[in-house]
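> protein_31.cif is reproduced in full below (mmCIF, C-alpha atoms).
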```cif
data_model
#
loop_
_atom_site.label_atom_id
_atom_site.label_comp_id
_atom_site.auth_asym_id
_atom_site.auth_seq_id
_atom_site.Cartn_x
_atom_site.Cartn_y
_atom_site.Cartn_z
CA MET A 39 118.57 7.68 28.71
CA VAL A 40 119.32 5.92 31.96
CA LEU A 41 119.98 2.68 30.15
CA SER A 42 122.20 4.51 27.67
CA ALA A 43 124.15 6.10 30.50
CA VAL A 44 124.57 2.72 32.19
CA ALA A 45 125.71 1.13 28.89
CA GLY A 46 128.17 3.94 28.35
CA LEU A 47 129.51 3.49 31.87
CA LEU A 48 129.96 -0.24 31.31
CA VAL A 49 131.77 0.33 28.03
CA THR A 50 134.04 2.85 29.69
CA ALA A 51 134.72 0.46 32.54
CA ALA A 52 135.52 -2.35 30.07
CA ILE A 53 137.87 -0.21 28.02
CA THR A 54 139.69 1.50 30.89
CA PRO A 55 141.68 -1.58 32.06
CA VAL A 56 142.86 -2.21 28.51
CA ILE A 57 144.00 1.36 28.17
CA ALA A 58 145.58 1.23 31.59
CA LEU A 59 147.34 -2.02 30.78
CA SER A 60 148.48 -0.67 27.44
CA GLY A 61 149.85 2.37 29.17
CA LEU A 62 151.69 0.19 31.67
CA GLY A 63 153.23 -1.89 28.85
CA ALA A 64 154.40 1.23 27.04
CA THR A 65 155.89 2.58 30.25
CA ASN A 66 157.80 -0.67 30.86
CA ALA A 67 159.05 -0.75 27.25
CA ILE A 68 160.29 2.83 27.55
CA THR A 69 161.99 1.99 30.84
CA VAL A 70 163.74 -1.07 29.32
CA PHE A 71 164.75 0.92 26.26
CA GLU A 72 166.16 3.75 28.36
CA SER A 73 168.17 1.24 30.40
CA LEU A 74 170.00 -0.14 27.31
CA PRO A 75 173.51 1.19 26.61
CA GLY A 76 173.63 4.03 24.14
CA TYR A 77 176.77 2.70 22.42
CA LEU A 78 178.26 -0.67 21.28
CA ASP A 79 181.67 -1.91 22.46
CA ILE A 80 183.64 -3.64 19.66
CA GLU A 81 185.70 -6.32 21.37
CA PRO A 82 188.99 -7.65 19.90
CA LEU A 83 188.61 -10.70 17.67
CA SER A 84 189.25 -14.10 19.18
CA GLN A 85 192.77 -15.43 18.66
CA LYS A 86 194.05 -19.00 18.72
CA SER A 87 196.25 -20.12 21.58
CA ASN A 88 199.49 -22.04 20.96
CA ILE A 89 201.36 -24.36 23.28
CA TYR A 90 205.03 -24.82 22.48
CA ALA A 91 207.50 -27.39 23.74
CA THR A 92 210.81 -25.66 24.40
CA THR A 93 212.91 -28.79 26.15
CA PRO A 94 215.99 -25.51 26.35
CA ALA A 95 218.72 -27.71 27.70
CA ARG A 96 218.38 -30.02 24.70
CA GLU A 97 218.56 -27.17 22.20
CA ILE A 98 221.63 -25.75 23.90
CA LYS A 99 223.24 -29.19 23.91
CA GLU A 100 222.55 -29.63 20.18
CA MET A 101 223.98 -26.19 19.45
CA ARG A 102 227.11 -27.03 21.43
CA LEU A 103 227.58 -30.34 19.63
CA ALA A 104 226.98 -28.72 16.24
CA ILE A 105 229.64 -26.08 16.92
CA ALA A 106 232.09 -28.76 18.09
CA ALA A 107 231.42 -30.89 14.99
CA GLU A 108 232.01 -27.94 12.66
CA LYS A 109 235.34 -27.25 14.37
CA LYS A 110 236.47 -30.86 14.02
CA PHE A 111 235.11 -31.95 10.64
CA PRO A 112 234.78 -30.32 7.21
CA GLN A 113 231.18 -29.56 6.21
CA ASN A 114 231.27 -32.13 3.42
CA ASP A 115 232.18 -34.84 5.95
CA ILE A 116 229.36 -33.75 8.26
CA LEU A 117 226.89 -33.89 5.37
CA ARG A 118 228.18 -37.29 4.27
CA GLN A 119 227.85 -38.76 7.74
CA TYR A 120 224.36 -37.29 8.11
CA LEU A 121 223.21 -38.75 4.79
CA ASN A 122 224.56 -42.13 5.88
CA ILE A 123 222.14 -42.34 8.81
CA THR A 124 219.13 -40.12 8.07
CA GLY A 125 215.71 -41.47 7.11
CA PHE A 126 214.50 -41.61 3.50
CA GLY A 127 210.95 -42.76 4.17
CA GLY A 128 209.54 -45.84 5.88
CA THR A 129 212.32 -48.10 7.14
CA VAL A 130 214.91 -46.84 4.63
CA TYR A 131 217.87 -45.24 6.40
CA GLY A 132 221.07 -44.02 4.78
CA ILE A 133 221.82 -42.80 1.27
CA GLU A 134 223.19 -46.18 0.14
CA ALA A 135 220.04 -48.02 1.18
CA ALA A 136 217.91 -45.28 -0.40
CA ALA A 137 219.78 -45.48 -3.71
CA ASN A 138 219.28 -49.23 -3.78
CA TYR A 139 215.62 -49.14 -2.72
CA TYR A 140 214.38 -46.31 -4.92
CA PHE A 141 216.62 -46.65 -7.99
CA GLY A 142 218.25 -50.08 -7.81
CA THR A 143 221.76 -48.63 -7.79
CA THR A 144 224.48 -47.44 -5.41
CA ALA A 145 225.06 -43.99 -3.97
CA THR A 146 228.15 -43.50 -6.14
CA GLU A 147 226.27 -44.43 -9.32
CA LEU A 148 223.32 -42.07 -8.85
CA THR A 149 222.60 -39.61 -11.63
CA LEU A 150 222.22 -35.90 -10.85
CA PRO A 151 218.38 -35.91 -10.91
CA GLN A 152 218.27 -39.16 -8.93
CA ALA A 153 220.58 -37.75 -6.26
CA ALA A 154 218.47 -34.56 -6.05
CA SER A 155 215.30 -36.64 -5.66
CA LEU A 156 216.82 -38.53 -2.73
CA VAL A 157 218.01 -35.33 -1.07
CA ALA A 158 214.49 -33.96 -1.52
CA ILE A 159 213.12 -36.84 0.56
CA VAL A 160 215.24 -35.83 3.56
CA ASN A 161 213.27 -32.58 3.97
CA ASN A 162 210.05 -34.50 4.67
CA PRO A 163 210.33 -38.28 4.23
CA ALA A 164 206.60 -38.90 4.59
CA LYS A 165 205.76 -36.32 1.93
CA PHE A 166 208.55 -36.73 -0.64
CA ARG A 167 209.18 -40.50 -0.61
CA LEU A 168 208.89 -42.18 -4.00
CA ASP A 169 207.15 -45.49 -3.29
CA ASN A 170 203.56 -44.23 -3.37
CA SER A 171 203.15 -42.34 -6.63
CA GLY A 172 199.34 -42.24 -6.52
CA SER A 173 199.05 -40.57 -3.13
CA GLU A 174 197.75 -37.01 -2.90
CA THR A 175 200.20 -36.16 -0.13
CA ASN A 176 203.36 -37.70 -1.58
CA GLY A 177 204.71 -39.11 -4.79
CA TYR A 178 206.41 -38.15 -8.00
CA ALA A 179 204.89 -34.67 -8.49
CA VAL A 180 205.75 -33.24 -5.08
CA ASN A 181 209.17 -34.89 -5.16
CA LYS A 182 209.94 -33.37 -8.55
CA ALA A 183 208.98 -29.90 -7.35
CA ARG A 184 211.33 -30.21 -4.39
CA ARG A 185 214.01 -31.86 -6.56
CA ASP A 186 213.94 -29.03 -9.08
CA TYR A 187 214.20 -26.46 -6.29
CA ILE A 188 217.36 -28.18 -5.06
CA LEU A 189 218.77 -28.21 -8.58
CA ARG A 190 218.09 -24.47 -8.96
CA GLU A 191 219.93 -23.83 -5.72
CA MET A 192 222.86 -25.88 -7.02
CA VAL A 193 223.03 -23.66 -10.11
CA GLU A 194 222.79 -20.56 -7.93
CA HIS A 195 225.75 -21.74 -5.85
CA GLU A 196 227.68 -22.86 -8.94
CA LYS A 197 227.68 -26.54 -8.01
CA ILE A 198 226.35 -27.50 -11.46
CA THR A 199 226.22 -25.76 -14.82
CA ALA A 200 223.14 -24.29 -16.45
CA ALA A 201 223.25 -27.04 -19.07
CA GLU A 202 223.36 -29.73 -16.37
CA PHE A 203 220.43 -28.06 -14.65
CA GLN A 204 218.31 -27.97 -17.80
CA ALA A 205 219.00 -31.62 -18.54
CA ALA A 206 218.23 -32.66 -14.96
CA VAL A 207 214.90 -30.82 -14.62
CA ALA A 208 213.82 -32.23 -17.98
CA THR A 209 214.30 -35.76 -16.61
CA PRO A 210 211.10 -37.31 -15.22
CA VAL A 211 211.10 -38.89 -11.79
CA GLN A 212 211.31 -42.62 -12.54
CA PRO A 213 212.06 -44.75 -9.48
CA ALA A 214 212.64 -48.48 -9.79
CA ILE A 215 211.63 -49.80 -6.37
CA GLN A 216 213.75 -52.72 -5.17
CA GLU A 217 212.30 -54.42 -2.12
CA PRO A 218 215.12 -55.08 0.36
CA SER A 219 215.97 -58.71 1.08
CA THR A 220 216.18 -58.37 4.83
CA GLY A 221 215.12 -60.85 7.46
CA CYS A 222 215.01 -64.62 7.33
CA GLN A 223 211.55 -64.52 5.76
CA THR A 224 213.25 -63.61 2.47
CA ALA A 225 215.39 -66.77 2.53
CA GLY A 226 212.63 -68.97 1.11
CA GLY A 227 213.13 -72.65 1.92
CA SER A 228 216.27 -71.78 3.88
CA ALA A 229 214.39 -69.54 6.30
CA TYR A 230 214.68 -71.98 9.23
CA PHE A 231 218.41 -72.38 8.67
CA CYS A 232 218.76 -68.59 8.60
CA ASP A 233 216.82 -68.38 11.85
CA TYR A 234 219.15 -70.95 13.42
CA VAL A 235 222.20 -68.87 12.45
CA THR A 236 220.57 -65.72 13.80
CA HIS A 237 219.85 -67.53 17.06
CA LEU A 238 223.53 -68.43 17.39
CA LEU A 239 224.63 -64.84 16.80
CA ARG A 240 222.35 -63.62 19.57
CA ASN A 241 223.11 -66.32 22.11
CA ASP A 242 226.71 -67.48 21.68
CA PRO A 243 229.02 -65.67 24.19
CA ALA A 244 231.61 -65.39 21.42
CA PHE A 245 229.52 -62.57 19.93
CA GLY A 246 229.06 -60.47 23.07
CA GLU A 247 229.24 -60.57 26.85
CA ASP A 248 225.46 -60.38 27.41
CA ASP A 249 222.15 -60.56 25.53
CA GLY A 250 221.97 -56.81 24.95
CA LYS A 251 225.50 -56.59 23.60
CA ARG A 252 225.03 -59.59 21.32
CA LEU A 253 221.79 -58.15 19.95
CA GLN A 254 223.49 -54.83 19.30
CA ASN A 255 226.43 -56.53 17.61
CA SER A 256 224.17 -58.65 15.41
CA ARG A 257 222.39 -55.51 14.21
CA ARG A 258 225.34 -53.15 13.93
CA GLY A 259 228.42 -55.34 13.89
CA GLY A 260 228.68 -55.59 10.11
CA TYR A 261 229.22 -59.34 10.26
CA ALA A 262 229.94 -61.39 7.15
CA VAL A 263 228.61 -64.82 8.16
CA TYR A 264 229.64 -67.82 6.05
CA THR A 265 227.70 -71.04 6.60
CA ILE A 266 227.91 -74.63 5.39
CA LEU A 267 224.59 -74.32 3.55
CA ASP A 268 224.83 -75.59 -0.05
CA LEU A 269 222.23 -73.52 -1.89
CA ASP A 270 222.33 -75.66 -5.03
CA LEU A 271 221.68 -78.79 -3.01
CA GLN A 272 219.03 -77.03 -0.95
CA LEU A 273 217.15 -75.88 -4.05
CA ALA A 274 217.37 -79.38 -5.56
CA ALA A 275 215.92 -80.84 -2.35
CA GLU A 276 213.07 -78.34 -2.36
CA ALA A 277 212.29 -79.11 -6.01
CA THR A 278 212.29 -82.86 -5.28
CA LEU A 279 209.85 -82.45 -2.40
CA ALA A 280 207.58 -80.22 -4.47
CA ALA A 281 207.50 -82.78 -7.30
CA ASN A 282 206.75 -85.80 -5.11
CA VAL A 283 204.82 -84.62 -2.07
CA PRO A 284 201.49 -82.77 -2.50
CA MET A 285 201.14 -79.46 -0.72
CA GLU A 286 197.80 -80.65 0.68
CA TYR A 287 195.74 -83.84 0.78
CA PRO A 288 192.02 -84.10 1.55
CA GLY A 289 191.46 -85.13 5.16
CA LYS A 290 195.18 -85.47 5.91
CA ASP A 291 197.80 -83.29 7.51
CA VAL A 292 200.69 -83.72 5.07
CA GLY A 293 204.32 -83.03 5.97
CA SER A 294 207.65 -83.94 4.44
CA VAL A 295 211.35 -83.98 5.18
CA ILE A 296 214.46 -84.82 3.19
CA THR A 297 217.96 -85.67 4.38
CA SER A 298 221.20 -85.69 2.43
CA VAL A 299 224.31 -87.57 3.56
CA GLN A 300 227.63 -87.09 1.83
CA ALA A 301 229.20 -90.48 1.04
CA THR A 302 232.97 -90.77 1.68
CA SER A 303 235.52 -93.54 1.37
CA ALA A 304 235.78 -93.68 5.14
CA ALA A 305 232.08 -94.33 5.42
CA TYR A 306 232.27 -97.17 2.89
CA ASN A 307 235.27 -98.70 4.69
CA GLY A 308 233.14 -99.01 7.82
CA VAL A 309 230.48 -101.10 6.06
CA ASN A 310 230.73 -104.96 6.09
#
```
Write out the structure in this file as structure tokens.

Amino acid sequence: MVLSAVAGLLVTAAITPVIALSGLGATNAITVFESLPGYLDIEPLSQKSNIYATTPAREIKEMRLAIAAEKKFPQNDILRQYLNITGFGGTVYGIEAAANYYFGTTATELTLPQAASLVAIVNNPAKFRLDNSGSETNGYAVNKARRDYILREMVEHEKITAAEFQAAVATPVQPAIQEPSTGCQTAGGSAYFCDYVTHLLRNDPAFGEDDGKRLQNSRRGGYAVYTILDLDLQLAAEATLAANVPMEYPGKDVGSVITSVQATSAAYNGVN
């Protein structure tokens, strides 16, 4: 009986700390639970922040100039002048250059759907230009959608008839890209001669009082420059060199030059 009592006491002593600890854990859990808020605040959803550039003096200046232009010029003249300088994608500026580049024609010879396609480009030149038909972000499909919208607006404002509209929207977008022949690199064998002429235009005082003015004049002066270059003779010389001088030779650095002298009676008279 004594041993049983001692065993019972030991069991009680072993169990008591566990019960005490369990009781302490429950008390702490209840305390933590009671300390939690009894409601949930629903905060406003996050919103994006925007930063805007509003340079106001510039906008006011543009408004003032626009009002002055409308008072001085008819709207058709303003539109014409704008189309003469605005961008049509890449390095194509002006309706005449655009007509030539995209359709191989002039501004006055554009058809109704062609003209609408070019006007469509002005809205977003990178998106609506017509020299990258396979792109997902620009090309024929997006240009046609914008073109047809413009044509519908023209019907709405009685600029074209319903029959003209139907014929125009039924016309597929079919550009005929004409690469511009600009820069001396397009002059072929005459490229160095072209570069020499360009150098004169930018350095001769006859074409401007300083370097900046001459450069501006050469780009915007509308010059018609006539030279002494004989293209038929130049092409014959190039063909002669090509037929007689190899473009390359193993182990050698090959070069060639040809000179033409015009024989005159005066030259023969000077020969003994």
> Which is closest to Tyr230 (chain A) among A:Leu267, A:Asn162, A:Val292, A:Leu148, if we use only C-alpha atoms?
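Checking each of A:Leu267, A:Asn162, A:Val292, A:Leu148 against Tyr230 (chain A), counting only C-alpha atoms, the winner is A:Leu267.
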> What's around region 128-138 of chain A at 8 Å? Count only C-alpha atoms, leave out sequence neighbours fewer than 4 positions away in its own chain, and write the answer as a PDB file with C-alpha atoms, in the coordinates of the input.

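Just written: result_15.pdb:
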```
ATOM      1  CA  LEU A 121     223.210 -38.750   4.790  1.00  0.00           C
ATOM      2  CA  ASN A 122     224.560 -42.130   5.880  1.00  0.00           C
ATOM      3  CA  ILE A 123     222.140 -42.340   8.810  1.00  0.00           C
ATOM      4  CA  THR A 124     219.130 -40.120   8.070  1.00  0.00           C
ATOM      5  CA  GLY A 142     218.250 -50.080  -7.810  1.00  0.00           C
ATOM      6  CA  THR A 143     221.760 -48.630  -7.790  1.00  0.00           C
ATOM      7  CA  THR A 144     224.480 -47.440  -5.410  1.00  0.00           C
ATOM      8  CA  ALA A 145     225.060 -43.990  -3.970  1.00  0.00           C
ATOM      9  CA  LEU A 148     223.320 -42.070  -8.850  1.00  0.00           C
ATOM     10  CA  LEU A 156     216.820 -38.530  -2.730  1.00  0.00           C
ATOM     11  CA  PRO A 163     210.330 -38.280   4.230  1.00  0.00           C
ATOM     12  CA  ALA A 164     206.600 -38.900   4.590  1.00  0.00           C
ATOM     13  CA  GLN A 216     213.750 -52.720  -5.170  1.00  0.00           C
TER      14      GLN A 216
END
```
> Any idea what the distance is between CA of Thr265 (chain A) and CA of Ser228 (chain A)?
11.8 Å
> Write out as a count of residues only each polymer residue whose atoms come within 9 Å of Gly221 (chain A), counting all atoms listed in the file; drop sequence neighbours fewer than 5 positions from it.
3
> Please measure the separation of CA of Ala225 (chain A) and CA of Asp270 (chain A), giving the value in Å to one decimal.
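We find that CA of Ala225 (chain A) and CA of Asp270 (chain A) lie 13.6 Å from each other.
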> Record the distance separating CA of Asn88 (chain A) and CA of Val160 (chain A), expressed in Å with one decimal.
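Atom-to-atom, CA of Asn88 (chain A) and CA of Val160 (chain A) are spaced 27.2 Å apart.
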> Please expand the PyMOL selection byres ((chain A and resi 297) around 12) into the concrete residues it hits in this file, giving the result as a list in words.
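When the PyMOL selection byres ((chain A and resi 297) around 12) is applied, the selected residues are Leu271, Gln272, Ala274, Ala275, Glu276, Thr278, Leu279, Ser294, Val295, Ile296, Ser298, Val299 and Gln300 of chain A.
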> Pull out every residue that the PyMOL selection byres ((chain A and resi 215) around 8) matches in the shown coordinates and put them as a PyMOL selection string.
chain A and resi 139-142+169+213-214+216-217
